[in-house]
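Undergrad: Sharing upload.cif below, mmCIF, C-alpha atoms:
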data_upload
#
loop_
_atom_site.label_atom_id
_atom_site.label_comp_id
_atom_site.auth_asym_id
_atom_site.auth_seq_id
_atom_site.Cartn_x
_atom_site.Cartn_y
_atom_site.Cartn_z
CA MET A 1 0.00 0.00 0.00
CA GLY A 2 1.02 3.65 -0.30
CA LYS A 3 2.48 3.49 -3.78
CA HIS A 4 -0.29 3.90 -6.28
CA LYS A 5 -1.37 1.22 -8.69
CA GLU A 6 -3.19 1.62 -11.98
CA VAL A 7 -6.88 1.34 -11.25
CA ILE A 8 -9.82 2.77 -13.15
CA ILE A 9 -11.42 5.89 -11.64
CA CYS A 10 -14.29 7.58 -13.46
CA GLY A 11 -13.35 5.82 -16.69
CA MET A 12 -9.68 6.81 -16.49
CA THR A 13 -6.53 5.20 -15.18
CA ARG A 14 -5.39 6.48 -11.82
CA THR A 15 -2.57 8.40 -13.47
CA GLU A 16 -4.92 10.04 -15.96
CA TYR A 17 -7.48 10.84 -13.29
CA ALA A 18 -4.90 12.35 -10.94
CA ALA A 19 -3.59 14.51 -13.78
CA LYS A 20 -7.09 15.76 -14.55
CA VAL A 21 -7.72 16.61 -10.90
CA ARG A 22 -4.34 18.33 -10.61
CA GLU A 23 -5.13 20.51 -13.63
CA SER A 24 -8.39 21.64 -12.03
CA LEU A 25 -6.85 22.81 -8.77
CA ARG A 26 -6.26 26.46 -8.01
CA PRO A 27 -3.53 27.45 -5.55
CA ASN A 28 -4.66 28.40 -2.08
CA PRO A 29 -3.69 31.81 -0.67
CA THR A 30 -0.55 31.54 1.46
CA TYR A 31 0.00 32.91 4.95
CA CYS A 32 2.53 35.68 5.61
CA ASN A 33 4.39 34.75 8.80
CA GLU A 34 6.99 37.52 8.78
CA HIS A 35 5.53 39.11 11.92
CA ILE A 36 6.11 35.96 13.99
CA LYS A 37 9.55 36.21 15.57
CA ARG A 38 10.11 32.78 17.05
CA LYS A 39 9.81 30.23 14.29
CA TRP A 40 11.69 27.48 12.48
CA LEU A 41 10.53 26.76 8.94
CA ASN A 42 10.76 23.86 6.50
CA ILE A 43 12.19 21.24 8.83
CA PRO A 44 12.30 17.68 7.43
CA TYR A 45 10.56 15.33 9.87
CA THR A 46 11.46 11.96 8.34
CA ASN A 47 14.79 10.45 7.34
CA LEU A 48 13.78 10.19 3.69
CA PRO A 49 15.81 12.26 1.20
CA ASN A 50 12.60 13.87 -0.09
CA SER A 51 11.04 14.24 3.34
CA GLN A 52 7.89 16.22 3.91
CA MET A 53 8.45 19.24 6.14
CA LEU A 54 6.97 21.07 9.09
CA ASP A 55 7.17 24.51 10.69
CA VAL A 56 7.45 25.24 14.42
CA TYR A 57 6.10 28.46 15.94
CA LEU A 58 6.44 29.60 19.56
CA PRO A 59 4.59 32.26 21.56
CA GLU A 60 6.37 35.63 21.66
CA THR A 61 7.20 35.32 25.35
CA GLY A 62 8.08 32.55 27.75
CA ASP A 63 10.63 29.79 27.91
CA GLY A 64 8.22 26.87 27.98
CA PRO A 65 8.10 24.01 27.80
CA PHE A 66 4.91 24.81 25.93
CA PRO A 67 2.02 22.49 25.19
CA VAL A 68 1.89 21.99 21.43
CA VAL A 69 -0.76 21.80 18.78
CA ILE A 70 0.09 19.94 15.57
CA TYR A 71 -2.19 21.24 12.82
CA ILE A 72 -2.91 19.09 9.75
CA HIS A 73 -4.25 20.99 6.75
CA GLY A 74 -7.34 20.03 4.75
CA GLY A 75 -8.00 19.96 1.04
CA GLY A 76 -9.73 16.68 0.25
CA PHE A 77 -6.33 14.91 0.32
CA VAL A 78 -5.59 16.40 -3.15
CA ARG A 79 -4.57 19.97 -2.29
CA GLY A 80 -3.34 22.21 0.49
CA SER A 81 -0.15 22.76 2.45
CA LYS A 82 1.17 23.92 5.80
CA ASP A 83 1.45 27.42 4.33
CA ASP A 84 -2.26 27.79 3.52
CA HIS A 85 -3.68 31.05 4.84
CA LYS A 86 -6.83 29.53 6.33
CA SER A 87 -5.02 26.72 8.12
CA ALA A 88 -2.45 29.09 9.60
CA THR A 89 -4.99 31.65 10.75
CA ILE A 90 -6.85 28.91 12.62
CA ALA A 91 -3.86 27.14 14.15
CA LEU A 92 -1.76 30.18 15.03
CA ASN A 93 -4.46 31.39 17.40
CA GLY A 94 -2.71 28.92 19.63
CA LEU A 95 0.28 31.23 20.06
CA ASP A 96 -1.81 33.77 21.97
CA ARG A 97 -3.17 30.94 24.07
CA GLY A 98 0.31 29.82 25.15
CA TYR A 99 0.78 26.93 22.71
CA ALA A 100 3.63 26.05 20.44
CA VAL A 101 2.16 25.38 17.00
CA VAL A 102 3.46 22.89 14.44
CA MET A 103 2.17 23.12 10.87
CA MET A 104 2.94 20.03 8.79
CA ASN A 105 2.81 18.91 5.18
CA TYR A 106 1.98 15.39 4.07
CA THR A 107 2.00 13.59 0.72
CA LEU A 108 -1.14 14.40 -1.24
CA SER A 109 -3.22 11.56 -2.65
CA LEU A 110 -2.38 12.71 -6.17
CA ASP A 111 1.03 11.17 -5.53
CA ALA A 112 0.40 8.30 -3.08
CA SER A 113 -2.43 6.44 -1.39
CA PHE A 114 -3.07 5.31 2.18
CA PRO A 115 -1.21 4.55 4.42
CA THR A 116 1.45 7.05 3.31
CA GLN A 117 -0.35 10.01 4.87
CA ILE A 118 -1.00 8.51 8.30
CA HIS A 119 2.54 7.14 8.43
CA GLU A 120 3.78 10.68 7.87
CA VAL A 121 1.50 12.20 10.49
CA LYS A 122 2.77 9.70 13.02
CA ALA A 123 6.36 10.35 11.96
CA ALA A 124 5.73 14.05 12.65
CA ILE A 125 4.38 13.25 16.12
CA ARG A 126 7.47 11.16 16.86
CA TRP A 127 9.70 13.97 15.54
CA VAL A 128 8.02 16.48 17.85
CA LYS A 129 8.55 14.19 20.83
CA ALA A 130 12.16 13.43 19.93
CA ASN A 131 13.04 17.10 19.39
CA ALA A 132 10.80 18.66 22.03
CA ARG A 133 13.59 20.01 24.21
CA ASP A 134 15.28 21.83 21.33
CA TYR A 135 12.05 23.69 20.53
CA HIS A 136 10.82 24.38 24.10
CA ILE A 137 7.95 21.90 23.71
CA ASP A 138 6.44 19.65 26.37
CA PRO A 139 6.28 16.18 24.75
CA ALA A 140 3.66 15.07 27.28
CA ARG A 141 1.15 17.74 26.19
CA ILE A 142 0.41 17.26 22.49
CA GLY A 143 -2.86 18.06 20.74
CA LEU A 144 -3.83 17.35 17.15
CA MET A 145 -6.02 19.69 15.12
CA GLY A 146 -7.28 19.60 11.54
CA ALA A 147 -10.13 20.26 9.16
CA SER A 148 -11.58 18.05 6.43
CA ALA A 149 -8.84 15.67 5.22
CA GLY A 150 -6.61 17.01 8.00
CA ALA A 151 -9.36 16.26 10.52
CA HIS A 152 -9.55 12.71 9.20
CA LEU A 153 -5.81 12.23 9.68
CA ALA A 154 -5.86 13.86 13.12
CA ALA A 155 -8.75 11.65 14.24
CA LEU A 156 -7.12 8.56 12.77
CA ALA A 157 -3.79 9.30 14.45
CA GLY A 158 -5.55 10.11 17.70
CA THR A 159 -7.52 6.89 18.04
CA SER A 160 -4.86 4.58 16.62
CA GLY A 161 -1.93 6.08 18.55
CA THR A 162 -2.91 4.48 21.82
CA VAL A 163 -3.13 1.02 20.25
CA GLY A 164 0.08 1.28 18.24
CA GLU A 165 -1.41 0.83 14.77
CA LEU A 166 -0.64 2.42 11.38
CA GLU A 167 3.02 3.21 11.97
CA ASP A 168 6.12 3.06 9.81
CA LYS A 169 8.89 3.60 12.31
CA SER A 170 11.51 3.35 9.59
CA LEU A 171 10.64 6.99 8.83
CA GLY A 172 12.50 8.04 11.96
CA ASN A 173 12.57 8.27 15.77
CA PRO A 174 11.31 4.70 16.27
CA GLU A 175 11.85 4.90 20.02
CA MET A 176 9.00 7.39 20.36
CA ASP A 177 5.31 6.52 20.56
CA THR A 178 2.51 8.48 18.89
CA VAL A 179 0.14 8.87 21.84
CA VAL A 180 -1.38 12.35 22.04
CA GLN A 181 -3.36 13.97 24.83
CA ALA A 182 -6.23 15.61 22.90
CA VAL A 183 -7.73 15.99 19.42
CA ALA A 184 -9.85 18.82 17.94
CA VAL A 185 -11.32 18.31 14.47
CA ASP A 186 -13.64 20.09 12.04
CA PHE A 187 -15.99 18.38 9.51
CA THR A 188 -14.22 15.05 9.66
CA PRO A 189 -14.55 12.33 7.01
CA VAL A 190 -14.83 9.31 9.28
CA ASN A 191 -16.33 6.32 7.47
CA PHE A 192 -16.13 6.71 3.69
CA ALA A 193 -18.56 3.82 3.20
CA THR A 194 -21.48 5.59 4.89
CA VAL A 195 -21.23 9.13 3.47
CA ASN A 196 -23.56 8.66 0.52
CA GLU A 197 -26.28 6.86 2.43
CA GLN A 198 -26.19 9.61 5.05
CA LEU A 199 -26.52 12.26 2.36
CA LEU A 200 -29.59 10.50 0.97
CA ARG A 201 -31.09 10.19 4.44
CA LEU A 202 -30.74 13.96 4.81
CA GLY A 203 -32.53 14.46 1.50
CA ARG A 204 -29.44 15.65 -0.32
CA GLU A 205 -28.04 14.65 -3.67
CA ILE A 206 -24.92 12.57 -4.09
CA PRO A 207 -22.37 14.77 -5.89
CA ASP A 208 -21.55 13.73 -9.44
CA GLY A 209 -18.86 14.54 -11.96
CA TYR A 210 -15.25 13.49 -12.25
CA ASN A 211 -14.20 15.30 -9.07
CA ALA A 212 -17.08 13.97 -6.92
CA PRO A 213 -15.95 12.60 -3.54
CA GLN A 214 -16.68 8.99 -4.47
CA TYR A 215 -14.06 9.32 -7.19
CA SER A 216 -11.54 11.65 -5.56
CA SER A 217 -11.51 9.51 -2.40
CA ALA A 218 -10.28 6.62 -4.54
CA LEU A 219 -6.96 8.40 -4.87
CA TYR A 220 -6.57 8.24 -1.08
CA LEU A 221 -8.03 4.75 -0.63
CA GLY A 222 -6.14 3.29 -3.57
CA ASP A 223 -9.29 2.27 -5.47
CA LEU A 224 -13.03 2.87 -5.47
CA MET A 225 -14.28 2.35 -1.93
CA GLU A 226 -16.57 -0.55 -2.82
CA LYS A 227 -13.55 -2.46 -4.12
CA VAL A 228 -11.39 -1.99 -1.01
CA PRO A 229 -13.65 -2.44 2.04
CA GLU A 230 -10.67 -3.52 4.12
CA ILE A 231 -8.93 -0.21 3.40
CA VAL A 232 -12.11 1.71 4.23
CA GLU A 233 -12.11 -0.02 7.61
CA GLN A 234 -8.43 0.66 8.19
CA THR A 235 -8.88 4.37 7.41
CA ASN A 236 -11.88 4.69 9.74
CA PRO A 237 -10.85 6.31 13.06
CA GLU A 238 -13.71 4.44 14.75
CA THR A 239 -11.93 1.14 14.09
CA TYR A 240 -9.27 1.95 16.70
CA ILE A 241 -11.34 3.53 19.47
CA SER A 242 -10.43 2.11 22.87
CA PRO A 243 -10.79 3.16 26.52
CA SER A 244 -7.34 4.75 26.22
CA SER A 245 -8.31 7.00 23.28
CA PRO A 246 -7.59 10.70 23.90
CA PRO A 247 -10.27 13.35 24.53
CA PHE A 248 -11.97 14.65 21.37
CA PHE A 249 -13.56 17.95 20.37
CA ILE A 250 -15.63 17.38 17.21
CA GLN A 251 -17.16 20.26 15.25
CA HIS A 252 -19.33 20.06 12.13
CA GLY A 253 -21.70 22.33 10.26
CA THR A 254 -25.13 20.78 9.82
CA GLU A 255 -25.41 22.05 6.24
CA HIS A 256 -22.12 20.72 4.90
CA TYR A 257 -23.23 19.76 1.41
CA ILE A 258 -20.89 16.81 0.72
CA LEU A 259 -19.94 15.60 4.20
CA PRO A 260 -22.98 14.94 6.41
CA HIS A 261 -22.73 15.82 10.07
CA ASP A 262 -23.86 12.26 10.86
CA GLN A 263 -20.19 11.35 10.36
CA SER A 264 -19.26 13.41 13.41
CA ILE A 265 -22.30 12.37 15.42
CA HIS A 266 -21.48 8.67 15.09
CA LEU A 267 -17.80 9.22 15.91
CA ALA A 268 -18.76 11.17 19.03
CA GLU A 269 -21.23 8.49 20.14
CA LEU A 270 -18.63 5.73 19.89
CA LEU A 271 -16.04 7.82 21.72
CA VAL A 272 -18.48 8.64 24.53
CA ALA A 273 -19.26 4.95 24.93
CA SER A 274 -15.56 4.17 25.25
CA ILE A 275 -13.94 7.10 27.10
CA GLY A 276 -16.90 8.87 28.73
CA GLU A 277 -18.93 11.95 27.88
CA GLU A 278 -16.71 14.23 29.98
CA LYS A 279 -13.91 13.68 27.44
CA VAL A 280 -15.96 14.24 24.29
CA GLU A 281 -17.53 17.47 23.06
CA LEU A 282 -19.65 17.57 19.90
CA SER A 283 -20.34 21.02 18.48
CA LEU A 284 -22.95 21.00 15.71
CA LEU A 285 -23.12 24.39 14.02
CA GLN A 286 -26.76 24.75 13.03
CA GLY A 287 -27.34 26.11 9.54
CA VAL A 288 -23.60 26.33 8.83
CA GLY A 289 -21.90 24.62 5.90
CA GLY A 290 -18.28 23.58 5.49
CA GLY A 291 -15.00 25.44 5.69
CA GLU A 292 -15.93 27.80 2.84
CA ASP A 293 -18.91 29.08 4.83
CA PRO A 294 -17.88 32.40 6.42
CA ASN A 295 -19.86 31.40 9.51
CA TYR A 296 -17.73 28.32 10.14
CA PHE A 297 -14.25 29.46 11.14
CA ILE A 298 -15.33 32.49 13.12
CA GLN A 299 -13.37 33.37 16.24
CA GLU A 300 -16.03 31.98 18.57
CA ASN A 301 -15.81 28.53 16.99
CA ILE A 302 -12.01 28.52 16.95
CA MET A 303 -11.83 29.59 20.59
CA ARG A 304 -14.25 26.80 21.53
CA GLU A 305 -11.68 24.33 20.23
CA PHE A 306 -8.84 25.87 22.20
CA ASP A 307 -11.02 26.03 25.33
CA PHE A 308 -11.43 22.27 25.04
CA LEU A 309 -7.71 21.72 24.45
CA ASP A 310 -6.93 23.85 27.51
CA ARG A 311 -8.82 21.39 29.68
CA PHE A 312 -6.45 18.56 28.78
CA LEU A 313 -3.19 20.24 27.79
CA LYS A 314 -2.80 22.87 30.53
#
Please re-express this file's structure in structure tokens.

TA:
Amino acid sequence: MGKHKEVIICGMTRTEYAAKVRESLRPNPTYCNEHIKRKWLNIPYTNLPNSQMLDVYLPETGDGPFPVVIYIHGGGFVRGSKDDHKSATIALNGLDRGYAVVMMNYTLSLDASFPTQIHEVKAAIRWVKANARDYHIDPARIGLMGASAGAHLAALAGTSGTVGELEDKSLGNPEMDTVVQAVAVDFTPVNFATVNEQLLRLGREIPDGYNAPQYSSALYLGDLMEKVPEIVEQTNPETYISPSSPPFFIQHGTEHYILPHDQSIHLAELLVASIGEEKVELSLLQGVGGGEDPNYFIQENIMREFDFLDRFLK
């Protein structure tokens, strides 16, 4: 797994389909970080020669060690980066709240399928733990954050970290574990197999066209979801929930047009059953869509996430 194989997606080979998707993508606005004084940029976090990179930001004052938030960008697995303006403006609120903030890249599904991405996220967690002292970070107070595809990877890393699954320790720092202390996610793809039926139950249409989620998700899964049920199960954060799973803050707009909020409701229910309702907060934003809705990432909603993280990281 990881390396792509030639499968047929929407009547095209994987290579052809990925090229068509790539051509359709517009670059996201980038964040200007020049005003942040304490930062280290473009640090390789694996031992591969073409390693993905991360950035470390620290609050303006204090010696730490600081609790840390690792933010994983969204973009449907096919776009986005650690430099995206929206991701940075969400995550870097943590600086004013006394957090170190790590922004990380991962391999997009245009170039590789699961489990490449989760292996990289876990390599980044191990890197943070191994290098915590050098960057004034407390390795025992780590939170994961993300939206959309990034939320999926944060949730997947969060639930599977405590049971030791989905790791490739050859990427570096094998002596470190990937247990984190809290997770905060926005409009999370949880179980790819149930998205369409949930949309129909809500009276919505299943998106169509070459870039519809049922096709674009095949780049991440390695094939159309109905052909790889075992991969769908392995990518589902619910698969790894245990009594040792970390606390979760789960936020979702009820009017998200392609990702029904039932995804988040079911994840929250299973977490409550396993770790208790005091460690799980579900925030359903009534009448609000996805990340493009200006009513989603307003300051009130972002601060609600950090309020939750404060409970478990401070």

Undergrad: Which value, in Å to one decimal, gives the distance between CA of Pro229 in chain A and CA of Thr194 in chain A?

TA: 11.6 Å

Undergrad: Report as a PyMOL selection string the full result of the PyMOL selection byres ((chain A and resi 260-270) around 7) when it is applied to this structure.

TA: chain A and resi 188-191+195+198-199+238+250+252-254+256-259+271-274+280+282

Undergrad: Just the selected residues (C-alpha atoms), exported as a short mmCIF file (atom, residue, chain, number, x, y, z; two decimals), in the coordinates of the input, please.

TA:
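Generated output (again.cif):
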data_model
loop_
_atom_site.label_atom_id
_atom_site.label_comp_id
_atom_site.auth_asym_id
_atom_site.auth_seq_id
_atom_site.Cartn_x
_atom_site.Cartn_y
_atom_site.Cartn_z
CA THR A 188 -14.22 15.05 9.66
CA PRO A 189 -14.55 12.33 7.01
CA VAL A 190 -14.83 9.31 9.28
CA ASN A 191 -16.33 6.32 7.47
CA VAL A 195 -21.23 9.13 3.47
CA GLN A 198 -26.19 9.61 5.05
CA LEU A 199 -26.52 12.26 2.36
CA GLU A 238 -13.71 4.44 14.75
CA ILE A 250 -15.63 17.38 17.21
CA HIS A 252 -19.33 20.06 12.13
CA GLY A 253 -21.70 22.33 10.26
CA THR A 254 -25.13 20.78 9.82
CA HIS A 256 -22.12 20.72 4.90
CA TYR A 257 -23.23 19.76 1.41
CA ILE A 258 -20.89 16.81 0.72
CA LEU A 259 -19.94 15.60 4.20
CA LEU A 271 -16.04 7.82 21.72
CA VAL A 272 -18.48 8.64 24.53
CA ALA A 273 -19.26 4.95 24.93
CA SER A 274 -15.56 4.17 25.25
CA VAL A 280 -15.96 14.24 24.29
CA LEU A 282 -19.65 17.57 19.90
#

Undergrad: Go through A:Asp168, A:Glu255, A:Glu16, A:Glu205 and flag the residue nearest Leu284 in chain A, using all atoms listed in the file for the distances.

TA: A:Glu255

Undergrad: Neighbours of Gly164 in chain A within 12 Å (all atoms listed in the file; same-chain residues fewer than 3 positions away dropped), as a list in words?

TA: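 My list of contacting residues is His119, Lys122, Leu156, Ala157, Gly158, Thr159, Ser160, Gly161, Glu167, Asp168, Lys169, Pro174, Met176, Asp177, Thr178, Val179, Val180, Tyr240, Ile241, Ser242, Ser244 and Ser245 of chain A.
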
Undergrad: If you keep C-alpha atoms, can you produce a file of those selected residues as a compact mmCIF listing (two decimals), in the frame of the given file?

TA:
# COMPACT_ATOMS: atom_id res chain seq x y z
CA HIS A 119 2.54 7.14 8.43
CA LYS A 122 2.77 9.70 13.02
CA LEU A 156 -7.12 8.56 12.77
CA ALA A 157 -3.79 9.30 14.45
CA GLY A 158 -5.55 10.11 17.70
CA THR A 159 -7.52 6.89 18.04
CA SER A 160 -4.86 4.58 16.62
CA GLY A 161 -1.93 6.08 18.55
CA GLU A 167 3.02 3.21 11.97
CA ASP A 168 6.12 3.06 9.81
CA LYS A 169 8.89 3.60 12.31
CA PRO A 174 11.31 4.70 16.27
CA MET A 176 9.00 7.39 20.36
CA ASP A 177 5.31 6.52 20.56
CA THR A 178 2.51 8.48 18.89
CA VAL A 179 0.14 8.87 21.84
CA VAL A 180 -1.38 12.35 22.04
CA TYR A 240 -9.27 1.95 16.70
CA ILE A 241 -11.34 3.53 19.47
CA SER A 242 -10.43 2.11 22.87
CA SER A 244 -7.34 4.75 26.22
CA SER A 245 -8.31 7.00 23.28

Undergrad: Please expand the PyMOL selection byres ((chain A and resi 211-215) around 8) into the concrete residues it hits in this file, giving the result as a list in words.

TA: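 Against this file, the PyMOL selection byres ((chain A and resi 211-215) around 8) returns the residues Ile9, Cys10, Val21, Pro207, Asp208, Gly209, Tyr210, Ser216, Ser217, Ala218, Leu219, Leu224, Met225 and Ile258 of chain A.
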
Undergrad: Once you count all atoms listed in the file, which residues end up no further than 8 Å from (9.4, 22.1, 23.5) in the file's frame, shown as a compact mmCIF listing (two decimals) with C-alpha atoms, in the frame of the given file?

TA:
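Listing of result_29.txt after writing:
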# COMPACT_ATOMS: atom_id res chain seq x y z
CA GLY A 64 8.22 26.87 27.98
CA PRO A 65 8.10 24.01 27.80
CA PHE A 66 4.91 24.81 25.93
CA PRO A 67 2.02 22.49 25.19
CA VAL A 68 1.89 21.99 21.43
CA ALA A 100 3.63 26.05 20.44
CA ASN A 131 13.04 17.10 19.39
CA ALA A 132 10.80 18.66 22.03
CA ARG A 133 13.59 20.01 24.21
CA ASP A 134 15.28 21.83 21.33
CA TYR A 135 12.05 23.69 20.53
CA HIS A 136 10.82 24.38 24.10
CA ILE A 137 7.95 21.90 23.71
CA ASP A 138 6.44 19.65 26.37
CA PRO A 139 6.28 16.18 24.75

Undergrad: Considering only C-alpha atoms, state which residue in the set A:Val185, A:Val78, A:Val102, A:Ala112 is at the smallest distance from Ser24 in chain A.

TA: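 Closest to Ser24 in chain A of all the choices is A:Val78.
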
Undergrad: Please determine, counting all atoms listed in the file, which residue among A:Thr30, A:Ser148, A:Gln181, A:Ser51 has the shortest atom-to-atom distance to Pro247 in chain A.

TA: A:Gln181

Undergrad: Let me know the residues the PyMOL selection byres ((chain A and resi 183) around 7) catches in the file above, as an mmCIF file with C-alpha atoms, keeping the file's coordinate frame.

TA:
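Saved file out.cif follows:
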data_model
loop_
_atom_site.group_PDB
_atom_site.id
_atom_site.type_symbol
_atom_site.label_atom_id
_atom_site.label_comp_id
_atom_site.auth_asym_id
_atom_site.auth_seq_id
_atom_site.Cartn_x
_atom_site.Cartn_y
_atom_site.Cartn_z
ATOM 1 C CA GLY A 143 -2.860 18.060 20.740
ATOM 2 C CA LEU A 144 -3.830 17.350 17.150
ATOM 3 C CA MET A 145 -6.020 19.690 15.120
ATOM 4 C CA ALA A 154 -5.860 13.860 13.120
ATOM 5 C CA ALA A 155 -8.750 11.650 14.240
ATOM 6 C CA GLY A 158 -5.550 10.110 17.700
ATOM 7 C CA ALA A 182 -6.230 15.610 22.900
ATOM 8 C CA ALA A 184 -9.850 18.820 17.940
ATOM 9 C CA VAL A 185 -11.320 18.310 14.470
ATOM 10 C CA PRO A 246 -7.590 10.700 23.900
ATOM 11 C CA PRO A 247 -10.270 13.350 24.530
ATOM 12 C CA PHE A 248 -11.970 14.650 21.370
ATOM 13 C CA PHE A 249 -13.560 17.950 20.370
#

Undergrad: What separation in Å, quoted to one decimal, exists between CA of Arg304 in chain A and CA of Tyr57 in chain A?

TA: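 Computing the Euclidean distance for CA of Arg304 in chain A and CA of Tyr57 in chain A yields 21.2 Å.
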
Undergrad: If I take CA of Met103 in chain A and CA of Arg26 in chain A, how far is one from the other in Å, to one decimal?

TA: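 We find that CA of Met103 in chain A and CA of Arg26 in chain A lie 20.9 Å from each other.
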
Undergrad: Report as a list in words all protein, DNA and RNA residues lying within 9 Å of Gln52 in chain A, evaluated on all atoms listed in the file, omitting residues in the same chain fewer than 4 positions from it.

TA: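 Here the qualifying residues turn out to be Asn42, Ile43, Pro44, Tyr45, Thr46, Leu48, Met104, Asn105, Tyr106, Thr107 and Glu120 of chain A.
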
Undergrad: Determine, counting all atoms listed in the file, which protein, DNA and RNA residues have an atom within 6 Å of an atom of Asp186 in chain A; residues of the same chain fewer than 3 positions away are not included. Present the result as a PyMOL selection string.

TA: chain A and resi 147+151+251-252

Undergrad: Considering only C-alpha atoms, state which residue in the set A:Cys32, A:Ala149, A:Leu58, A:Ile298 is at the smallest distance from Gly98 in chain A.

TA: A:Leu58

Undergrad: I'd like to know which of A:Gly80, A:Gly74, A:Gly289, A:Gly222 is closest to Pro29 in chain A, using only C-alpha atoms.

TA: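 Going through A:Gly80, A:Gly74, A:Gly289, A:Gly222 one by one, the smallest distance to Pro29 in chain A is for A:Gly80.
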